[in-house]
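> You'll find upload.txt just under this line, and it carries compact mmCIF, C-alpha atoms (C1' of nucleotides).
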# COMPACT_ATOMS: atom_id res chain seq x y z
CA MET A 276 181.18 4.34 -156.97
CA GLY A 277 178.17 6.56 -156.47
CA SER A 278 178.53 10.17 -155.59
CA ASN A 279 180.21 10.74 -152.26
CA ILE A 280 178.75 14.16 -151.76
CA HIS A 281 177.12 14.35 -148.38
CA HIS A 282 174.14 16.48 -147.44
CA PRO A 283 173.20 16.62 -143.76
CA ALA A 284 169.67 15.51 -142.89
CA VAL A 285 167.29 18.24 -141.82
CA ASP A 286 167.63 17.46 -138.13
CA GLU A 287 171.40 17.32 -138.45
CA ILE A 288 171.63 20.94 -139.57
CA GLU A 289 173.34 22.90 -136.81
CA LEU A 290 172.61 26.52 -136.07
CA THR A 291 176.24 27.42 -135.43
CA ALA A 292 177.29 25.91 -138.75
CA VAL A 293 174.56 27.78 -140.60
CA MET A 294 175.46 31.06 -138.92
CA HIS A 295 179.11 30.58 -139.70
CA ALA A 296 178.42 29.67 -143.31
CA LEU A 297 176.37 32.83 -143.72
CA SER A 298 178.99 35.09 -142.14
CA ASP A 299 181.08 35.27 -145.31
CA PRO A 300 180.28 37.78 -148.07
CA ALA A 301 181.05 35.36 -150.90
CA ARG A 302 178.85 32.64 -149.47
CA LEU A 303 176.13 35.16 -148.76
CA LYS A 304 176.26 36.16 -152.40
CA VAL A 305 175.79 32.56 -153.49
CA VAL A 306 172.75 32.19 -151.24
CA ARG A 307 171.29 35.51 -152.36
CA THR A 308 171.70 34.49 -155.99
CA LEU A 309 170.15 31.07 -155.48
CA ALA A 310 167.17 32.65 -153.75
CA VAL A 311 166.34 34.42 -157.00
CA GLU A 312 167.67 32.03 -159.61
CA GLU A 313 166.51 28.68 -158.16
CA GLU A 314 169.29 26.59 -159.70
CA ARG A 315 172.70 27.52 -161.03
CA ALA A 316 175.92 25.83 -162.05
CA CYS A 317 178.91 26.46 -159.82
CA GLY A 318 180.82 28.39 -162.43
CA THR A 319 178.14 31.02 -162.88
CA PHE A 320 178.67 32.90 -159.63
CA ASP A 321 181.04 35.80 -159.96
CA LEU A 322 182.56 35.70 -156.50
CA GLY A 323 185.83 37.41 -157.30
CA VAL A 324 187.89 34.53 -155.96
CA SER A 325 189.73 31.64 -157.56
CA LYS A 326 188.02 28.43 -158.62
CA ALA A 327 189.61 26.61 -155.70
CA THR A 328 188.31 29.13 -153.19
CA ALA A 329 184.85 29.17 -154.73
CA SER A 330 184.76 25.38 -154.52
CA HIS A 331 185.66 25.64 -150.84
CA HIS A 332 182.75 28.00 -150.23
CA TYR A 333 180.35 25.65 -152.01
CA LYS A 334 181.50 22.89 -149.72
CA VAL A 335 180.98 24.97 -146.58
CA LEU A 336 177.45 25.85 -147.69
CA ARG A 337 176.62 22.28 -148.56
CA GLU A 338 178.01 20.80 -145.36
CA ALA A 339 176.12 23.36 -143.32
CA GLY A 340 172.92 22.15 -145.00
CA ILE A 341 172.22 25.37 -146.83
CA THR A 342 172.66 24.20 -150.40
CA ARG A 343 172.15 20.97 -152.26
CA LYS A 344 174.36 19.86 -155.12
CA ARG A 345 173.20 17.92 -158.13
CA ILE A 346 175.71 16.65 -160.67
CA GLU A 347 174.65 16.45 -164.27
CA GLY A 348 177.31 15.67 -166.84
CA SER A 349 180.24 17.92 -166.22
CA HIS A 350 178.21 20.56 -164.42
CA HIS A 351 177.50 20.83 -160.72
CA TYR A 352 174.20 22.54 -160.03
CA LEU A 353 173.42 24.22 -156.72
CA THR A 354 170.02 24.84 -155.18
CA LEU A 355 168.94 26.39 -151.90
CA ARG A 356 167.53 23.95 -149.34
CA ARG A 357 164.80 26.43 -148.61
CA GLU A 358 162.14 24.10 -147.23
CA ASP A 359 164.66 22.23 -145.10
CA LEU A 360 166.03 25.43 -143.62
CA ASP A 361 162.55 26.79 -143.03
CA ALA A 362 161.59 23.57 -141.29
CA ARG A 363 164.66 23.53 -139.09
CA PHE A 364 165.02 27.25 -138.39
CA PRO A 365 161.78 29.01 -139.31
CA GLY A 366 162.26 32.57 -140.47
CA LEU A 367 166.04 32.52 -140.45
CA LEU A 368 166.64 32.34 -144.18
CA ASP A 369 163.91 34.87 -144.89
CA ALA A 370 165.47 37.30 -142.43
CA VAL A 371 168.90 36.91 -144.00
CA LEU A 372 167.57 37.37 -147.51
CA ALA A 373 165.56 40.41 -146.50
CA ALA A 374 168.65 41.86 -144.83
CA ASP A 375 170.60 41.51 -148.01
CA LEU A 376 168.06 43.56 -149.89
CA ALA A 377 168.29 46.33 -147.32
CA GLY A 378 172.00 46.68 -146.86
CA ALA A 379 173.93 46.00 -150.05
CA ALA A 380 176.90 43.87 -148.98
CA ARG A 381 176.78 44.89 -145.36
CA MET B 289 187.29 61.12 -120.53
CA GLY B 290 183.95 59.40 -120.77
CA SER B 291 183.63 55.73 -121.31
CA ASN B 292 185.44 54.50 -124.37
CA ILE B 293 183.13 51.60 -125.02
CA HIS B 294 181.83 51.82 -128.54
CA HIS B 295 178.47 50.64 -129.75
CA PRO B 296 177.84 50.73 -133.49
CA ALA B 297 174.88 52.81 -134.66
CA VAL B 298 171.90 50.88 -135.96
CA ASP B 299 172.78 51.48 -139.60
CA GLU B 300 176.38 50.50 -138.96
CA ILE B 301 175.44 47.00 -137.84
CA GLU B 302 176.74 44.59 -140.46
CA LEU B 303 175.06 41.33 -141.31
CA THR B 304 178.31 39.40 -141.63
CA ALA B 305 179.45 40.60 -138.21
CA VAL B 306 176.14 39.62 -136.63
CA MET B 307 176.19 36.20 -138.26
CA HIS B 308 179.74 35.60 -137.16
CA ALA B 309 179.03 36.72 -133.61
CA LEU B 310 176.11 34.30 -133.42
CA SER B 311 178.09 31.36 -134.78
CA ASP B 312 179.75 30.60 -131.44
CA PRO B 313 177.99 28.49 -128.78
CA ALA B 314 179.19 30.61 -125.86
CA ARG B 315 178.04 33.85 -127.47
CA LEU B 316 174.76 32.22 -128.44
CA LYS B 317 174.27 31.29 -124.82
CA VAL B 318 174.77 34.89 -123.74
CA VAL B 319 172.20 36.09 -126.24
CA ARG B 320 169.75 33.38 -125.29
CA THR B 321 170.09 34.29 -121.64
CA LEU B 322 169.68 38.02 -122.26
CA ALA B 323 166.54 37.34 -124.25
CA VAL B 324 164.94 35.97 -121.10
CA GLU B 325 166.67 37.90 -118.38
CA GLU B 326 166.68 41.41 -119.87
CA GLU B 327 169.80 42.62 -118.08
CA ARG B 328 172.65 40.77 -116.46
CA ALA B 329 176.13 41.45 -115.14
CA CYS B 330 179.00 39.92 -117.09
CA GLY B 331 180.01 37.56 -114.35
CA THR B 332 176.63 35.85 -114.15
CA PHE B 333 176.86 33.84 -117.35
CA ASP B 334 178.22 30.37 -116.81
CA LEU B 335 180.00 29.95 -120.10
CA GLY B 336 182.53 27.36 -119.04
CA VAL B 337 185.46 29.48 -120.16
CA SER B 338 187.93 31.73 -118.38
CA LYS B 339 187.14 35.32 -117.48
CA ALA B 340 189.44 36.53 -120.24
CA THR B 341 187.69 34.44 -122.86
CA ALA B 342 184.26 35.49 -121.65
CA SER B 343 185.33 39.12 -121.85
CA HIS B 344 186.44 38.53 -125.42
CA HIS B 345 183.02 37.13 -126.31
CA TYR B 346 181.26 40.13 -124.75
CA LYS B 347 183.37 42.38 -126.89
CA VAL B 348 182.54 40.50 -130.09
CA LEU B 349 178.84 40.71 -129.29
CA ARG B 350 179.01 44.40 -128.47
CA GLU B 351 181.05 45.35 -131.51
CA ALA B 352 178.68 43.43 -133.74
CA GLY B 353 175.84 45.56 -132.37
CA ILE B 354 174.08 42.71 -130.61
CA THR B 355 174.52 43.77 -127.01
CA ARG B 356 174.82 47.03 -125.17
CA LYS B 357 177.01 47.49 -122.13
CA ARG B 358 176.24 49.73 -119.20
CA ILE B 359 178.77 50.25 -116.46
CA GLU B 360 177.52 50.84 -112.96
CA GLY B 361 180.04 50.84 -110.19
CA SER B 362 182.24 47.84 -110.57
CA HIS B 363 179.69 45.86 -112.53
CA HIS B 364 179.23 45.74 -116.28
CA TYR B 365 175.67 45.06 -117.26
CA LEU B 366 174.69 43.64 -120.64
CA THR B 367 171.42 44.01 -122.49
CA LEU B 368 170.22 42.78 -125.85
CA ARG B 369 169.82 45.48 -128.52
CA ARG B 370 166.56 43.90 -129.50
CA GLU B 371 164.83 46.89 -131.08
CA ASP B 372 167.95 47.89 -132.98
CA LEU B 373 168.45 44.41 -134.35
CA ASP B 374 164.78 44.13 -135.25
CA ALA B 375 164.96 47.45 -137.04
CA ARG B 376 168.10 46.57 -138.95
CA PHE B 377 167.41 42.89 -139.68
CA PRO B 378 163.74 42.15 -139.06
CA GLY B 379 163.04 38.63 -137.89
CA LEU B 380 166.67 37.58 -137.60
CA LEU B 381 166.96 37.61 -133.83
CA ASP B 382 163.56 36.01 -133.38
CA ALA B 383 164.56 33.20 -135.71
CA VAL B 384 167.80 32.59 -133.86
CA LEU B 385 166.10 32.59 -130.48
CA ALA B 386 163.37 30.24 -131.69
CA ALA B 387 166.03 27.95 -133.12
CA ASP B 388 167.77 27.75 -129.80
CA LEU B 389 164.60 26.54 -128.15
CA ALA B 390 164.19 23.80 -130.70
CA GLY B 391 167.67 22.39 -130.88
CA ALA B 392 169.41 22.49 -127.52
CA ALA B 393 172.95 23.63 -128.28
CA ARG B 394 172.87 22.64 -131.90
C1' DG C 229 192.74 8.29 -178.90
C1' DC C 230 193.42 13.60 -177.71
C1' DT C 231 191.77 18.25 -176.31
C1' DG C 232 189.03 21.65 -173.82
C1' DG C 233 185.85 22.70 -170.14
C1' DT C 234 183.99 22.12 -165.34
C1' DG C 235 184.86 21.51 -160.92
C1' DT C 236 187.38 19.23 -156.88
C1' DT C 237 191.44 18.06 -154.07
C1' DC C 238 195.99 18.79 -152.42
C1' DG C 239 199.55 21.23 -150.18
C1' DA C 240 201.05 25.71 -148.68
C1' DT C 241 200.65 30.32 -146.70
C1' DA C 242 198.89 34.20 -144.22
C1' DA C 243 195.24 35.78 -141.37
C1' DT C 244 191.82 35.17 -138.03
C1' DC C 245 189.94 32.95 -134.00
C1' DG C 246 189.21 30.78 -129.33
C1' DT C 247 191.55 30.01 -125.43
C1' DC C 248 194.32 30.88 -121.27
C1' DA C 249 197.34 32.94 -117.45
C1' DA C 250 199.17 37.03 -115.92
C1' DA C 251 199.06 41.80 -115.31
C1' DC C 252 196.21 45.54 -115.14
C1' DT C 253 192.22 49.17 -114.00
C1' DC C 254 188.63 50.66 -111.33
C1' DA C 255 185.30 50.52 -107.64
C1' DT C 256 184.05 48.92 -103.19
C1' DA C 257 184.73 47.70 -99.30
C1' DT C 258 187.40 46.95 -94.50
C1' DA D 1167 195.79 52.37 -97.05
C1' DT D 1168 195.19 47.77 -97.99
C1' DA D 1169 192.74 44.47 -99.61
C1' DT D 1170 188.99 42.19 -102.38
C1' DG D 1171 186.10 41.66 -106.31
C1' DA D 1172 184.57 42.60 -111.24
C1' DG D 1173 186.15 42.92 -115.71
C1' DT D 1174 189.49 44.21 -119.31
C1' DT D 1175 193.91 44.11 -121.75
C1' DT D 1176 198.00 42.00 -123.05
C1' DG D 1177 200.81 38.64 -125.02
C1' DA D 1178 201.09 33.90 -126.29
C1' DC D 1179 199.59 29.44 -128.10
C1' DG D 1180 197.17 26.07 -131.06
C1' DA D 1181 193.34 25.48 -134.20
C1' DT D 1182 190.63 26.94 -137.79
C1' DT D 1183 189.98 29.70 -141.92
C1' DA D 1184 190.37 31.98 -146.53
C1' DT D 1185 193.14 32.11 -150.16
C1' DC D 1186 195.89 30.48 -154.09
C1' DG D 1187 198.35 27.61 -157.78
C1' DA D 1188 199.02 23.21 -159.34
C1' DA D 1189 197.58 18.77 -160.04
C1' DC D 1190 193.81 15.86 -160.55
C1' DA D 1191 189.17 13.58 -162.12
C1' DC D 1192 185.44 13.64 -165.09
C1' DC D 1193 182.63 14.58 -169.04
C1' DA D 1194 181.89 16.16 -173.79
C1' DG D 1195 183.33 16.96 -177.90
C1' DC D 1196 186.79 16.54 -182.10
Transcribe the structure of this file into structure tokens.


Amino acid sequence: MGSNIHHPAVDEIELTAVMHALSDPARLKVVRTLAVEEERACGTFDLGVSKATASHHYKVLREAGITRKRIEGSHHYLTLRREDLDARFPGLLDAVLAADLAGAAR
Amino acid sequence: MGSNIHHPAVDEIELTAVMHALSDPARLKVVRTLAVEEERACGTFDLGVSKATASHHYKVLREAGITRKRIEGSHHYLTLRREDLDARFPGLLDAVLAADLAGAAR
DNA sequence: GCTGGTGTTCGATAATCGTCAAACTCATAT
DNA sequence: ATATGAGTTTGACGATTATCGAACACCAGC
């Protein structure tokens, strides 16, 4: 069967889910990295957690509508859903990314 | 002794704590209300939860640096730390408040 | 075929969280 | 002083969460 991975539509993205997804340091690091790097394979984020845990974080980000996953061969590539987030919650992602620059991991 | 209520300094406000605090519908409602109303007593938010639960939410918001509490007589008044939040994470609060307008409770 | 690499899913566990009722503190009445 | 009202604190409970190892699925080579 085709890929079962689900990405919420733009108008299905919920603020509470986005806020929750971005309240974890590991997930914040993924988002921060994708904001610079555009597209990266799952394995290339050094999150300091196990593969299983990292996979869980990818799922939370995807289901919140923050990232999109593309499967190519044996690699899973992540991208930021920048335009979708900007359309749904203007300024939110920019504010979060700017905050990361200011305050290290705070 | 003076009041023991602690408010984090501006540079102690952590992004993850703010994001977590704003990931709950009841707390979001408090913030949304304070954005319009400027100052309100704790009891005047109809959150649909018990007093104990509401008090817990006030504490989470205060400890995250989002609200400030002022005690006057037997009333506890809450205000939004708008300038502090804007200084620490420019655009974040505005984005959240704008999002609330767009998407009801989503 | 097999083997190695990439990533997910499945329990399981420990920690955190949201919720409440009950007891409490403090101020303001009467 | 006795009550009433505003809010907090204290357990306690169930639900969610973050974490891991182990097993699994899939693809790309050998």

> Can you pull out every residue within 10 Å of region 359-361 of chain B, counting only C-alpha atoms (C1' of nucleotides), but drop anything in the same chain fewer than 2 positions away, and send it as a list in words?

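Non-adjacent residues within range: Ser291, Ile293, Ala329, Lys357, His363, His364, Tyr365 and Leu366 of chain B; DC254, DA255 and DT256 of chain C; DA1172 of chain D.
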
> Keeping only C-alpha atoms (C1' of nucleotides), take the residues you just selected and write them out as a JSON list (two decimals), in the frame of the given file.


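Wrote selection_30.json, looks like this:
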[["chain", "number", "residue", "atom", "x", "y", "z"],
["B", 291, "SER", "CA", 183.63, 55.73, -121.31],
["B", 293, "ILE", "CA", 183.13, 51.60, -125.02],
["B", 329, "ALA", "CA", 176.13, 41.45, -115.14],
["B", 357, "LYS", "CA", 177.01, 47.49, -122.13],
["B", 363, "HIS", "CA", 179.69, 45.86, -112.53],
["B", 364, "HIS", "CA", 179.23, 45.74, -116.28],
["B", 365, "TYR", "CA", 175.67, 45.06, -117.26],
["B", 366, "LEU", "CA", 174.69, 43.64, -120.64],
["C", 254, "DC", "C1'", 188.63, 50.66, -111.33],
["C", 255, "DA", "C1'", 185.30, 50.52, -107.64],
["C", 256, "DT", "C1'", 184.05, 48.92, -103.19],
["D", 1172, "DA", "C1'", 184.57, 42.60, -111.24]]

> Compute the chain D side of the contact with chain A at 7 Å, counting all atoms listed in the file, and hand it back as an NGL selection string.

:D and (1185 or 1192-1193)

> One number please: CA of Ser311 (chain B) to CA of Met294 (chain A), in Å, one decimal.

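One can read the CA of Ser311 (chain B) to CA of Met294 (chain A) distance as 4.9 Å.
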
> In Å, with one decimal, what is the gap from CA of Leu297 (chain A) to C1' of DA240 (chain C)?

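Going from CA of Leu297 (chain A) over to C1' of DA240 (chain C) covers 26.2 Å.
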
> Please identify every residue of chain B that has at least one atom no more than 7 Å from any atom of chain A, counting only C-alpha atoms, and report them as number ranges by chain.

B: 302-305, 307-308, 310-313, 377-380, 383-384, 387, 394

> What's the separation between CA of Gly331 (chain B) and C1' of DG1171 (chain D), in Å to one decimal place?

10.9 Å

> Counting all atoms listed in the file, collect the residues of chain C whose closest atom lies at most 12 Å from chain B, and write them out as a PyMOL selection string.

chain C and resi 245-250+253-257
